[in-house]
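Quick look at protein.cif (mmCIF, C-alpha atoms and all ligand atoms):
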data_my_file
#
loop_
_atom_site.label_atom_id
_atom_site.label_comp_id
_atom_site.auth_asym_id
_atom_site.auth_seq_id
_atom_site.Cartn_x
_atom_site.Cartn_y
_atom_site.Cartn_z
CA MET A 14 -65.75 -48.89 47.51
CA ALA A 15 -63.70 -47.80 44.48
CA SER A 16 -60.04 -46.90 44.97
CA VAL A 17 -59.56 -43.42 43.51
CA LYS A 18 -56.16 -41.75 43.28
CA LEU A 19 -55.30 -38.36 41.85
CA TYR A 20 -51.62 -37.88 40.99
CA GLY A 21 -50.27 -34.38 40.51
CA TYR A 22 -48.80 -31.23 42.03
CA ALA A 23 -51.16 -28.56 43.34
CA THR A 24 -49.44 -25.80 41.37
CA SER A 25 -50.90 -27.31 38.18
CA PRO A 26 -54.24 -25.73 37.23
CA TYR A 27 -55.25 -29.00 35.55
CA VAL A 28 -54.64 -30.99 38.73
CA ARG A 29 -56.70 -28.49 40.76
CA LYS A 30 -59.46 -28.83 38.18
CA THR A 31 -59.71 -32.63 38.46
CA GLY A 32 -59.44 -32.26 42.24
CA CYS A 33 -62.53 -30.05 42.25
CA PHE A 34 -64.47 -32.58 40.14
CA LEU A 35 -63.79 -35.17 42.85
CA HIS A 36 -64.55 -32.80 45.72
CA TYR A 37 -67.83 -31.66 44.18
CA LYS A 38 -69.01 -35.19 43.45
CA GLY A 39 -68.15 -36.20 47.02
CA ILE A 40 -65.87 -39.02 45.88
CA ASP A 41 -63.44 -40.27 48.47
CA PHE A 42 -59.96 -40.04 46.91
CA THR A 43 -56.28 -39.99 47.75
CA HIS A 44 -54.16 -37.15 46.40
CA ILE A 45 -50.69 -38.43 45.58
CA PRO A 46 -48.33 -35.46 45.20
CA VAL A 47 -45.95 -35.77 42.25
CA ASN A 48 -42.46 -34.31 42.36
CA PRO A 49 -42.25 -32.40 39.05
CA LEU A 50 -38.53 -33.13 38.85
CA GLU A 51 -38.90 -36.85 39.53
CA PRO A 52 -42.36 -37.76 38.21
CA GLU A 53 -41.28 -41.35 37.50
CA GLN A 54 -41.32 -42.01 41.27
CA THR A 55 -45.10 -41.71 41.36
CA ILE A 56 -46.43 -41.81 37.79
CA GLY A 57 -43.73 -43.98 36.21
CA HIS A 58 -46.43 -46.53 35.40
CA THR A 59 -47.93 -44.08 32.88
CA ASP A 60 -44.68 -43.89 30.90
CA GLY A 61 -45.10 -40.14 30.88
CA THR A 62 -44.66 -36.97 32.90
CA GLN A 63 -48.00 -35.23 32.38
CA VAL A 64 -50.36 -34.60 35.29
CA PRO A 65 -53.10 -34.90 36.36
CA VAL A 66 -53.36 -38.67 36.25
CA LEU A 67 -56.60 -40.06 37.61
CA GLU A 68 -56.54 -43.71 38.61
CA ILE A 69 -59.66 -45.64 39.47
CA ASP A 70 -59.45 -49.27 40.52
CA GLY A 71 -56.09 -49.65 38.79
CA LYS A 72 -57.08 -48.02 35.48
CA TRP A 73 -55.60 -44.60 34.80
CA ARG A 74 -56.25 -41.71 32.42
CA ARG A 75 -54.71 -38.34 31.62
CA GLU A 76 -56.53 -35.22 30.34
CA SER A 77 -58.55 -33.29 32.89
CA SER A 78 -61.67 -32.75 30.76
CA ASP A 79 -61.83 -36.48 30.00
CA HIS A 80 -61.68 -37.05 33.75
CA ALA A 81 -65.03 -35.25 34.10
CA HIS A 82 -66.62 -37.50 31.47
CA TRP A 83 -65.10 -40.64 33.01
CA LEU A 84 -66.17 -39.73 36.54
CA ASP A 85 -69.77 -39.23 35.41
CA GLU A 86 -69.72 -42.65 33.74
CA LEU A 87 -68.50 -44.38 36.89
CA PHE A 88 -70.21 -42.19 39.50
CA PRO A 89 -73.42 -40.86 37.91
CA GLU A 90 -74.61 -38.99 41.01
CA LYS A 91 -74.16 -35.20 40.86
CA PRO A 92 -73.32 -35.13 37.14
CA ILE A 93 -70.72 -32.58 36.07
CA TYR A 94 -71.17 -33.34 32.36
CA PRO A 95 -74.96 -33.63 32.31
CA VAL A 96 -76.68 -35.22 29.35
CA GLY A 97 -78.83 -32.55 27.73
CA HIS A 98 -76.27 -29.77 28.12
CA ARG A 99 -73.24 -31.43 26.56
CA ALA A 100 -73.05 -29.35 23.38
CA LYS A 101 -73.00 -26.12 25.40
CA ILE A 102 -70.53 -27.56 27.92
CA ASP A 103 -68.20 -28.79 25.16
CA GLU A 104 -68.19 -25.34 23.57
CA ILE A 105 -67.33 -23.48 26.80
CA ASP A 106 -64.90 -26.21 27.81
CA ARG A 107 -62.95 -25.57 24.58
CA TRP A 108 -62.65 -21.91 25.62
CA ILE A 109 -61.49 -22.98 29.10
CA SER A 110 -58.87 -25.37 27.72
CA ASP A 111 -57.60 -23.28 24.80
CA THR A 112 -57.85 -19.80 26.28
CA PHE A 113 -58.48 -19.54 30.02
CA LEU A 114 -56.16 -22.23 31.36
CA THR A 115 -53.30 -21.55 28.97
CA SER A 116 -53.46 -17.84 29.85
CA ILE A 117 -52.30 -18.72 33.38
CA PHE A 118 -48.88 -19.51 31.89
CA ARG A 119 -48.50 -16.27 29.94
CA GLY A 120 -46.45 -14.66 32.72
CA ALA A 121 -43.92 -17.49 32.57
CA ILE A 122 -43.71 -17.14 28.81
CA GLU A 123 -43.11 -13.40 28.71
CA SER A 124 -41.58 -12.38 31.98
CA ASP A 125 -37.99 -11.20 31.93
CA LEU A 126 -37.28 -12.86 35.29
CA ASN A 127 -37.88 -9.65 37.20
CA LEU A 128 -38.23 -9.64 40.97
CA GLN A 129 -42.03 -9.91 40.88
CA PHE A 130 -41.83 -13.03 38.71
CA ARG A 131 -39.11 -14.49 40.93
CA TYR A 132 -41.21 -14.00 44.11
CA ARG A 133 -44.09 -15.79 42.42
CA GLY A 134 -41.82 -18.62 41.28
CA TRP A 135 -40.30 -19.03 44.74
CA ARG A 136 -43.73 -19.17 46.34
CA LEU A 137 -44.83 -21.81 43.82
CA ALA A 138 -41.67 -23.79 44.64
CA ALA A 139 -42.50 -23.55 48.35
CA LEU A 140 -46.00 -24.88 47.65
CA VAL A 141 -44.60 -27.82 45.68
CA SER A 142 -41.93 -28.42 48.31
CA ALA A 143 -44.54 -28.60 51.10
CA GLN A 144 -45.75 -31.84 49.52
CA THR A 145 -42.67 -33.19 47.74
CA PRO A 146 -39.60 -31.63 49.39
CA LEU A 147 -37.24 -29.97 46.91
CA PRO A 148 -33.55 -29.16 47.55
CA GLU A 149 -32.90 -25.49 48.37
CA GLN A 150 -30.93 -24.93 45.17
CA VAL A 151 -33.83 -26.25 43.10
CA ARG A 152 -36.28 -23.96 44.92
CA HIS A 153 -34.00 -21.04 44.28
CA GLN A 154 -33.93 -21.77 40.56
CA TRP A 155 -37.66 -22.43 40.24
CA PRO A 156 -38.36 -19.23 38.29
CA GLU A 157 -35.81 -20.34 35.67
CA PHE A 158 -37.29 -23.86 35.61
CA LEU A 159 -40.72 -22.39 34.95
CA LYS A 160 -39.47 -20.36 32.03
CA GLN A 161 -37.72 -23.36 30.51
CA ALA A 162 -40.49 -25.94 31.07
CA PRO A 163 -41.07 -27.58 27.66
CA PHE A 164 -44.85 -27.87 28.12
CA ILE A 165 -45.09 -24.11 28.81
CA GLN A 166 -42.95 -23.30 25.78
CA ASP A 167 -45.22 -25.55 23.76
CA MET A 168 -48.29 -23.62 24.95
CA ALA A 169 -46.72 -20.38 23.76
CA LYS A 170 -46.82 -21.69 20.18
CA HIS A 171 -50.62 -21.74 20.34
CA MET A 172 -51.06 -18.27 21.88
CA ASP A 173 -51.57 -14.96 20.14
CA LEU A 174 -48.64 -13.11 21.65
CA THR A 175 -49.37 -10.01 19.58
CA GLU A 176 -52.19 -9.18 22.03
CA SER A 177 -50.68 -7.52 25.11
CA PHE A 178 -50.76 -9.40 28.44
CA LYS A 179 -53.01 -6.72 29.94
CA ASP A 180 -55.44 -6.76 26.98
CA MET A 181 -55.55 -10.55 27.12
CA GLN A 182 -56.41 -10.51 30.85
CA MET A 183 -59.19 -7.93 30.34
CA ARG A 184 -60.61 -9.87 27.37
CA ILE A 185 -60.62 -13.15 29.29
CA ILE A 186 -62.37 -11.59 32.29
CA SER A 187 -65.09 -10.16 30.04
CA GLU A 188 -65.46 -13.54 28.27
CA LEU A 189 -65.77 -15.23 31.66
CA VAL A 190 -68.42 -12.75 32.76
CA ALA A 191 -70.33 -13.46 29.52
CA HIS A 192 -70.13 -17.23 30.14
CA ILE A 193 -71.52 -16.74 33.67
CA GLY A 194 -74.20 -14.43 32.29
CA ASP A 195 -77.22 -14.39 34.58
CA GLY A 196 -76.02 -17.64 36.12
CA PRO A 197 -76.45 -19.12 38.52
CA TYR A 198 -73.67 -21.27 37.00
CA MET A 199 -71.63 -21.10 33.83
CA GLY A 200 -73.59 -21.43 30.62
CA GLY A 201 -76.73 -20.34 32.53
CA LEU A 202 -77.04 -23.82 34.07
CA ASP A 203 -78.85 -24.54 37.33
CA GLN A 204 -76.13 -26.68 38.89
CA PRO A 205 -72.33 -26.46 38.85
CA THR A 206 -70.71 -28.48 36.08
CA MET A 207 -67.18 -29.30 34.99
CA LEU A 208 -67.01 -25.71 33.66
CA ASP A 209 -67.40 -24.00 37.03
CA LEU A 210 -65.16 -26.58 38.70
CA ALA A 211 -62.41 -26.01 36.12
CA ILE A 212 -62.31 -22.25 36.65
CA PHE A 213 -63.09 -21.82 40.34
CA PRO A 214 -59.86 -23.22 41.84
CA GLN A 215 -57.77 -21.08 39.49
CA MET A 216 -59.53 -17.88 40.55
CA VAL A 217 -58.94 -18.48 44.26
CA PHE A 218 -55.60 -20.32 44.39
CA GLY A 219 -53.29 -17.31 44.10
CA TYR A 220 -55.06 -15.39 46.86
CA MET A 221 -55.45 -18.31 49.23
CA PHE A 222 -51.84 -19.43 48.88
CA GLY A 223 -49.90 -16.18 48.90
CA LEU A 224 -49.34 -15.40 45.23
CA GLU A 225 -51.73 -12.42 45.25
CA GLU A 226 -52.46 -9.89 47.94
CA HIS A 227 -56.12 -9.42 46.99
CA LEU A 228 -58.78 -11.63 45.51
CA SER A 229 -58.86 -9.46 42.42
CA ALA A 230 -61.52 -11.55 40.67
CA ALA A 231 -63.98 -10.62 43.43
CA MET A 232 -63.79 -6.96 42.38
CA HIS A 233 -66.21 -7.81 39.59
CA PRO A 234 -69.73 -8.23 41.07
CA VAL A 235 -70.77 -10.95 38.62
CA ILE A 236 -67.65 -13.00 39.33
CA LYS A 237 -67.90 -12.43 43.08
CA GLY A 238 -71.49 -13.67 43.16
CA TRP A 239 -70.55 -16.74 41.11
CA LEU A 240 -67.50 -17.47 43.34
CA LYS A 241 -69.78 -17.37 46.38
CA ARG A 242 -72.25 -19.77 44.81
CA VAL A 243 -69.60 -22.27 43.66
CA SER A 244 -67.72 -22.10 46.96
CA GLN A 245 -70.81 -23.45 48.74
CA HIS A 246 -70.37 -26.76 46.90
CA LEU A 247 -66.70 -27.25 47.78
CA PRO A 248 -64.53 -27.67 50.88
CA ASP A 249 -62.80 -24.62 52.40
CA ASN A 250 -59.55 -25.57 50.67
CA PRO A 251 -60.49 -27.25 47.40
CA THR A 252 -57.09 -26.67 45.77
CA LEU A 253 -55.06 -29.73 46.90
CA ALA A 254 -52.31 -27.39 48.14
CA ALA A 255 -51.19 -28.14 51.71
CA ASP A 256 -53.55 -26.60 54.30
CA GLU A 257 -50.63 -25.28 56.34
CA MET A 258 -49.51 -23.15 53.38
CA GLN A 259 -52.82 -21.24 53.20
CA VAL A 260 -52.40 -17.58 54.07
CA ASN A 261 -55.77 -16.00 53.24
CA SER A 262 -59.34 -17.05 53.92
CA LEU A 263 -61.60 -17.24 50.90
CA ALA A 264 -64.72 -16.97 53.05
CA GLU A 265 -63.51 -13.61 54.41
CA ALA A 266 -62.74 -12.27 50.93
CA LEU A 267 -66.20 -13.27 49.72
CA ALA A 268 -68.10 -12.02 52.79
N1 LIG B 1 -54.51 -31.04 28.48
C1 LIG B 1 -53.95 -31.53 29.73
C2 LIG B 1 -52.85 -30.55 30.15
C3 LIG B 1 -52.09 -31.04 31.37
C4 LIG B 1 -50.77 -30.29 31.56
O1 LIG B 1 -50.37 -29.48 30.73
N2 LIG B 1 -50.11 -30.56 32.68
C5 LIG B 1 -48.81 -29.97 32.96
C6 LIG B 1 -48.77 -29.38 34.36
S1 LIG B 1 -49.68 -27.88 34.47
C7 LIG B 1 -47.77 -31.07 32.93
O2 LIG B 1 -48.00 -32.18 33.36
N3 LIG B 1 -46.58 -30.72 32.41
C8 LIG B 1 -45.43 -31.61 32.41
C9 LIG B 1 -45.41 -32.48 31.20
O3 LIG B 1 -46.32 -32.41 30.34
O4 LIG B 1 -44.46 -33.22 31.09
C10 LIG B 1 -55.06 -31.66 30.76
O5 LIG B 1 -56.08 -30.97 30.64
O6 LIG B 1 -54.95 -32.48 31.69
#

Starting from the file, lay out its structure as structure tokens.
Ligand SMILES: N[C@@H](CCC(=O)N[C@@H](CS)C(=O)NCC(=O)O)C(=O)O
Amino acid sequence: MASVKLYGYATSPYVRKTGCFLHYKGIDFTHIPVNPLEPEQTIGHTDGTQVPVLEIDGKWRRESSDHAHWLDELFPEKPIYPVGHRAKIDEIDRWISDTFLTSIFRGAIESDLNLQFRYRGWRLAALVSAQTPLPEQVRHQWPEFLKQAPFIQDMAKHMDLTESFKDMQMRIISELVAHIGDGPYMGGLDQPTMLDLAIFPQMVFGYMFGLEEHLSAAMHPVIKGWLKRVSQHLPDNPTLAADEMQVNSLAEALA
């Protein structure tokens, strides 16, 4: 049996995305939590700090979308990048990478470190600390760390910050609804693909792990129906965050 390791912290949307590829395909893997302040302890062999890193039988790769392609090459069952739909998948995947996933960081880019942002940052620090314990002082300063993180500042350079945060969120939700269309899965496909598995964990993470009080995405009937369908292909906690940190049940929110 292949040795499959996924290195990363569960607060990274990209790590959750690769985690869902593995869960969906039913591949047995080990999640190796990475301490974001001391990544060299776990991913020093990559000579870098970026996660997720997927390692299969000693070979490793970065870049979450490439992970989907690589996994299908090595484990063809339950394809998530099916031949025959690749042009459509590539197109929507560009939207996911350039627009949807980067939008998750907009709050860190624009927030003025108000109390709401600090609570969010502290909760994220607690989620990281559950898997790679962080000193109390570091947890306390997590909101500041988030704002200063070079990779987040780099993302800001590629965002249209003239569009308000609220307008951006509304636009992205309507674009997501259009990509789901009549479903059952994104792009009108009959089975989940890397597209659904990239978005799903991001939509549920905040609610399941105490960053949001309500599963706001489920207020839209199209998104709620799609969340229900995708959830049936994944474990109860597909996010890689520690089970003991879960505060809300997804199944109840989707009932
Ligand atoms: N395009 C990459 C983005 C990965 C990424 O931005 N990861 C962040 C965590 S959310 C990271 O590792 N940042 C630290 C760094 O780049 O040093 C992918 O899809 O895997």

* Neighbours of Trp155 (chain A) within 8 Å (only C-alpha atoms; same-chain residues fewer than 4 positions away dropped), as a PyMOL selection string? -> chain A and resi 134-135+138+151+159

Where does chain A meet ligand LIG 1 (chain B) within 10 Å, residue by residue, with the nearest atom pair and distance in Å to one decimal for each, counting all atoms listed in the file, listed by chain and rising number, as a Markdown table?
| residue | atom | partner | partner_atom | distance |
| --- | --- | --- | --- | --- |
| A:Gly21 | CA | B:LIG1 | O2 | 7.8 |
| A:Tyr22 | CA | B:LIG1 | C6 | 7.9 |
| A:Ala23 | CA | B:LIG1 | S1 | 9.0 |
| A:Thr24 | CA | B:LIG1 | S1 | 7.2 |
| A:Ser25 | CA | B:LIG1 | S1 | 3.9 |
| A:Pro26 | CA | B:LIG1 | S1 | 5.7 |
| A:Tyr27 | CA | B:LIG1 | O6 | 5.2 |
| A:Val28 | CA | B:LIG1 | O6 | 7.2 |
| A:Arg29 | CA | B:LIG1 | S1 | 9.4 |
| A:Lys30 | CA | B:LIG1 | O5 | 8.5 |
| A:Thr31 | CA | B:LIG1 | O6 | 8.3 |
| A:Val47 | CA | B:LIG1 | O2 | 9.8 |
| A:Pro49 | CA | B:LIG1 | C8 | 7.4 |
| A:Leu50 | CA | B:LIG1 | C8 | 9.6 |
| A:Pro52 | CA | B:LIG1 | O4 | 8.7 |
| A:Gly61 | CA | B:LIG1 | O4 | 7.0 |
| A:Thr62 | CA | B:LIG1 | O4 | 4.2 |
| A:Gln63 | CA | B:LIG1 | O2 | 3.2 |
| A:Val64 | CA | B:LIG1 | O2 | 3.9 |
| A:Pro65 | CA | B:LIG1 | O6 | 5.6 |
| A:Val66 | CA | B:LIG1 | O6 | 7.9 |
| A:Leu67 | CA | B:LIG1 | O6 | 9.8 |
| A:Arg74 | CA | B:LIG1 | O6 | 9.3 |
| A:Arg75 | CA | B:LIG1 | O6 | 5.9 |
| A:Glu76 | CA | B:LIG1 | O6 | 3.4 |
| A:Ser77 | CA | B:LIG1 | O6 | 3.9 |
| A:Ser78 | CA | B:LIG1 | O5 | 5.9 |
| A:Asp79 | CA | B:LIG1 | O5 | 8.0 |
| A:His80 | CA | B:LIG1 | O6 | 8.4 |
| A:Ile109 | CA | B:LIG1 | O5 | 9.8 |
| A:Ser110 | CA | B:LIG1 | O5 | 6.9 |
| A:Asp111 | CA | B:LIG1 | N1 | 9.1 |
| A:Leu114 | CA | B:LIG1 | O5 | 8.8 |
| A:Thr115 | CA | B:LIG1 | O1 | 8.6 |
| A:Ile117 | CA | B:LIG1 | S1 | 9.6 |
| A:Phe118 | CA | B:LIG1 | S1 | 8.8 |
| A:Ala162 | CA | B:LIG1 | C8 | 7.6 |
| A:Pro163 | CA | B:LIG1 | O4 | 7.4 |
| A:Phe164 | CA | B:LIG1 | O3 | 5.3 |
| A:Ile165 | CA | B:LIG1 | N3 | 7.7 |
| A:Asp167 | CA | B:LIG1 | O1 | 9.5 |
| A:Met168 | CA | B:LIG1 | O1 | 8.5 |
| A:Ala211 | CA | B:LIG1 | O5 | 9.7 |

Shortest contact to Met199 (chain A), candidates A:Phe178, A:Phe130, A:Ile93, A:Glu157, atoms counted all atoms listed in the file, goes to A:Ile93

- What gap, in Å, lies between CA of His246 (chain A) and CA of Phe213 (chain A)?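 Rounded to one decimal, the two atoms are 11.0 Å apart.
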
Give the padded box for region 187-205 of chain A as JSON: axis-aligned, covering all atoms listed in the file, 3 Å on each side, centre and edge lengths in Å to one decimal.
{"center_x": -72.0, "center_y": -18.4, "center_z": 33.6, "size_x": 19.8, "size_y": 22.5, "size_z": 16.6}

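We find CA of Asp70 (chain A) and CA of Lys18 (chain A) to be spaced 8.7 Å apart.
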
Atom pair CA of Gln154 (chain A) + CA of Glu226 (chain A), distance 23.2 Å

Note to self: Need the shell around Phe34 (chain A): protein/DNA/RNA residues with any atom at most 7 Å away, counting all atoms listed in the file. Skip same-chain ones fewer than 5 positions apart. Format as a list of chain:residue names?
What the structure shows: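 Listing them by chain and then by number gives A:Ala81, A:Met207, A:Leu210.
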
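Using all atoms listed in the file, the residues found no farther than 12 Å from Glu90 (chain A), other than those of its own chain fewer than 3 positions away, are Leu35, Tyr37, Lys38, Gly39, Ile40, Leu84, Asp85, Glu86, Leu87, Ile93, Tyr94 and Pro95 of chain A.
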
Can you write out the residues you just picked, keeping C-alpha atoms, as an mmCIF file, in the frame of the given file?
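Generated file (selection_13.cif):
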data_model
loop_
_atom_site.group_PDB
_atom_site.id
_atom_site.type_symbol
_atom_site.label_atom_id
_atom_site.label_comp_id
_atom_site.auth_asym_id
_atom_site.auth_seq_id
_atom_site.Cartn_x
_atom_site.Cartn_y
_atom_site.Cartn_z
ATOM 1 C CA LEU A 35 -63.790 -35.170 42.850
ATOM 2 C CA TYR A 37 -67.830 -31.660 44.180
ATOM 3 C CA LYS A 38 -69.010 -35.190 43.450
ATOM 4 C CA GLY A 39 -68.150 -36.200 47.020
ATOM 5 C CA ILE A 40 -65.870 -39.020 45.880
ATOM 6 C CA LEU A 84 -66.170 -39.730 36.540
ATOM 7 C CA ASP A 85 -69.770 -39.230 35.410
ATOM 8 C CA GLU A 86 -69.720 -42.650 33.740
ATOM 9 C CA LEU A 87 -68.500 -44.380 36.890
ATOM 10 C CA ILE A 93 -70.720 -32.580 36.070
ATOM 11 C CA TYR A 94 -71.170 -33.340 32.360
ATOM 12 C CA PRO A 95 -74.960 -33.630 32.310
#

inquiry  = Just checking: using all atoms listed in the file, which residue out of A:Pro156, A:Pro146, A:Gly32, A:Pro197 ends up closest to Lys241 (chain A)?
reply    =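 Looking only at the distances to Lys241 (chain A), the closest residue turns out to be A:Pro197.
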
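Across A:Leu224, A:Ala15, A:Ile212, A:Ala266, the tightest approach to Leu189 (chain A) is made by A:Ile212 when counting all atoms listed in the file.
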
Which of these residues is nearest to Val190 (chain A), using only C-alpha atoms: A:Leu202, A:Ile69, A:Leu208, A:Ile236?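 The closest residue to Val190 (chain A) is A:Ile236.
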
*Which of A:Phe88, A:Asn48, A:Asp180, A:Arg107 sits closest to Met14 (chain A) [using only C-alpha atoms]*: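 Among the listed residues, A:Phe88 lies closest to Met14 (chain A).
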
Nearest to Thr112 (chain A), restricted to only C-alpha atoms and choosing among A:Gly219, A:His171, A:Gln245, A:Asp125, comes out as A:His171
